[in-house]
Amino acid sequence: MKPFSKINLRSQLHNLFKSLDFVSRNFLTEHKSEKNKGDFQAYLNIYQQLGLAWEYLGLQCRHGDGYKEIQDGKSACKICGKIKGVKDTYYFLPRLGHKIIGKRINPNSKKIFRNRKEALLLEDTINFHGACVNIDVHNMYKSRLFKSEINIADERSVSLTERGIKCSIDQHTVRINLKRNLKKIKRLPCSGFAWELRRETLRKFPVLFDFDQRGRLLGVMILR
Ligand SMILES: [Zn+2]
C-alpha cells in the first residue's frame, strides 16, 4: 500500500476517530453493557480493532503539524493524536526502496552494571529476505564464570547469518564462522595467526588476503 499524503491521512484519521466515537457513544456506555453482555463484548472488540487501525495509520504520520497540549502536561500530535514520546509498537516500512529501522546505538556508560539485563541497551533480530541480522549492544557488566566474578566488556556486536555462515563484527574483531558439523570435530578447534601455521596446513585453506603496496591488510576472501 502506498503511504497516504498528509491531507489524505488527516481525512482517513478523521473518519476513524468518528467511528471510534460512534461505537463508544452508542454501544459502550454502562447501561448498554448491562442489557446484553454478548453484544457489549462484540462492540468492545470492534472498538479495539479500530484502535489497532489507528495505531497502523499513525505510523504513516510524520507529526508535521506539531503537537497540542492535552491533560497531565502531555502533548498529542495534531494530525494522528499520538502522544509525544510514546514508542510505537510497530514499524512502518516502504515496500520499495531503502528501509530504516531504529538509530545507531553504542555503549554509553563507563559504569559496570550488576548484570546483563541492566547493561543491555539493544538486542534485536531481523530476518531480511532470508538473511538474518542480529544486533546486541550493552554496557559493561558483571558475570559469573566457574564461581569467579568477571567483567564483560561493553560491546556493540552485529552479526549476519546467510547459508549457515555467520559474520560478526564488534569494536575489536571481524569474525567469520563457516558451517561445519561441530559434532564431527573431535578435538577443540584451534586458532592461530597465518604466520604461526605450518605451510601444509595453510595450503588447505582457500583464503585470499587483499593488501596494498605498503603491506596493509585490505580484506580477506574465503572461497567456498
Ligand atoms: Zn502524528
# chains A, B, ... in the order shown; residues from 1 in each chain; ligands from 1
>>> residues_near_ligand(ligand="ligand 1", cutoff="12 Å", atoms="only C-alpha atoms and all ligand atoms", output="MDAnalysis selection string")
chainID A and resid 6 9:10 13 54:68 75:86 88
>>> write_last_selection(atoms="C-alpha atoms", output="short mmCIF file (atom, residue, chain, number, x, y, z; two decimals), in the first residue's frame")
data_model
loop_
_atom_site.label_atom_id
_atom_site.label_comp_id
_atom_site.auth_asym_id
_atom_site.auth_seq_id
_atom_site.Cartn_x
_atom_site.Cartn_y
_atom_site.Cartn_z
CA LYS A 6 -0.74 14.33 4.68
CA LEU A 9 -4.01 10.74 6.08
CA ARG A 10 -5.73 13.51 8.01
CA LEU A 13 -7.83 9.54 10.63
CA TRP A 54 -5.43 3.98 14.41
CA GLU A 55 -2.05 2.62 15.51
CA TYR A 56 -1.22 1.42 11.98
CA LEU A 57 -2.41 4.64 10.31
CA GLY A 58 -0.49 6.70 12.86
CA LEU A 59 2.74 5.00 11.72
CA GLN A 60 2.45 6.91 8.47
CA CYS A 61 2.25 10.24 10.26
CA ARG A 62 5.41 12.36 10.42
CA HIS A 63 3.70 14.63 13.01
CA GLY A 64 4.44 17.57 10.67
CA ASP A 65 1.78 19.92 12.12
CA GLY A 66 3.28 19.83 15.60
CA TYR A 67 1.68 18.92 18.93
CA LYS A 68 -1.10 20.29 21.07
CA SER A 75 1.22 16.66 24.11
CA ALA A 76 -0.57 14.91 21.27
CA CYS A 77 0.12 15.13 17.51
CA LYS A 78 -2.33 17.48 15.80
CA ILE A 79 -2.81 15.01 12.93
CA CYS A 80 -2.77 11.50 14.37
CA GLY A 81 -3.32 12.21 18.06
CA LYS A 82 -0.41 10.08 19.23
CA ILE A 83 1.21 11.15 22.49
CA LYS A 84 4.64 12.71 22.12
CA GLY A 85 7.49 10.48 23.32
CA VAL A 86 5.47 7.23 23.44
CA ASP A 88 5.34 2.82 18.58
#
>>> select_by_dssp(residues="region 17-209 of chain A", states="alpha helix (DSSP H)", output="PyMOL selection string")
chain A and resi 17-27+30-35+37-58+116-119+199-203
>>> select_by_dssp(residues="region 21-189 of chain A", states="strand (DSSP E)", output="MDAnalysis selection string")
chainID A and resid 67:69 75:77 120:128 131:138 141:145 148:152 155:162 165:169 174:177
>>> closest_residue(among="A:Leu16, A:Leu178, A:Thr161, A:Lys184", to="His129 (chain A)", atoms="only C-alpha atoms")
A:Thr161
>>> atom_distance(atom1="CA of Gly51 (chain A)", atom2="CA of Asn127 (chain A)")
27.8 Å
>>> decode(residues="region 2-42 of chain A", atoms="C-alpha atoms", output="mmCIF file, in the first residue's frame")
data_model
loop_
_atom_site.group_PDB
_atom_site.id
_atom_site.type_symbol
_atom_site.label_atom_id
_atom_site.label_comp_id
_atom_site.auth_asym_id
_atom_site.auth_seq_id
_atom_site.Cartn_x
_atom_site.Cartn_y
_atom_site.Cartn_z
ATOM 1 C CA LYS A 2 1.305 3.460 -0.923
ATOM 2 C CA PRO A 3 1.713 5.841 2.017
ATOM 3 C CA PHE A 4 -1.094 8.397 2.323
ATOM 4 C CA SER A 5 -0.392 12.053 1.651
ATOM 5 C CA LYS A 6 -0.737 14.333 4.679
ATOM 6 C CA ILE A 7 -4.187 15.578 3.592
ATOM 7 C CA ASN A 8 -5.374 12.062 2.797
ATOM 8 C CA LEU A 9 -4.011 10.738 6.079
ATOM 9 C CA ARG A 10 -5.731 13.513 8.007
ATOM 10 C CA SER A 11 -9.112 12.668 6.453
ATOM 11 C CA GLN A 12 -8.614 8.908 6.978
ATOM 12 C CA LEU A 13 -7.826 9.543 10.633
ATOM 13 C CA HIS A 14 -10.734 11.989 10.982
ATOM 14 C CA ASN A 15 -13.157 9.289 9.745
ATOM 15 C CA LEU A 16 -11.569 6.719 12.018
ATOM 16 C CA PHE A 17 -11.937 8.966 15.080
ATOM 17 C CA LYS A 18 -15.612 9.485 14.160
ATOM 18 C CA SER A 19 -16.092 5.691 14.025
ATOM 19 C CA LEU A 20 -14.365 5.261 17.396
ATOM 20 C CA ASP A 21 -16.593 7.938 18.931
ATOM 21 C CA PHE A 22 -19.711 6.409 17.374
ATOM 22 C CA VAL A 23 -19.023 2.918 18.766
ATOM 23 C CA SER A 24 -18.063 4.306 22.148
ATOM 24 C CA ARG A 25 -21.072 6.634 22.481
ATOM 25 C CA ASN A 26 -23.750 4.258 21.219
ATOM 26 C CA PHE A 27 -22.651 0.803 22.322
ATOM 27 C CA LEU A 28 -20.148 1.007 25.126
ATOM 28 C CA THR A 29 -21.952 3.027 27.749
ATOM 29 C CA GLU A 30 -22.659 1.370 31.074
ATOM 30 C CA HIS A 31 -26.427 0.824 30.785
ATOM 31 C CA LYS A 32 -25.932 -0.886 27.370
ATOM 32 C CA SER A 33 -23.410 -3.305 28.869
ATOM 33 C CA GLU A 34 -25.937 -4.480 31.477
ATOM 34 C CA LYS A 35 -28.565 -5.378 28.869
ATOM 35 C CA ASN A 36 -26.618 -7.735 26.671
ATOM 36 C CA LYS A 37 -23.150 -8.831 27.670
ATOM 37 C CA GLY A 38 -22.506 -10.683 24.350
ATOM 38 C CA ASP A 39 -23.237 -7.611 22.223
ATOM 39 C CA PHE A 40 -21.202 -5.418 24.543
ATOM 40 C CA GLN A 41 -18.148 -7.682 24.098
ATOM 41 C CA ALA A 42 -18.589 -7.640 20.286
#
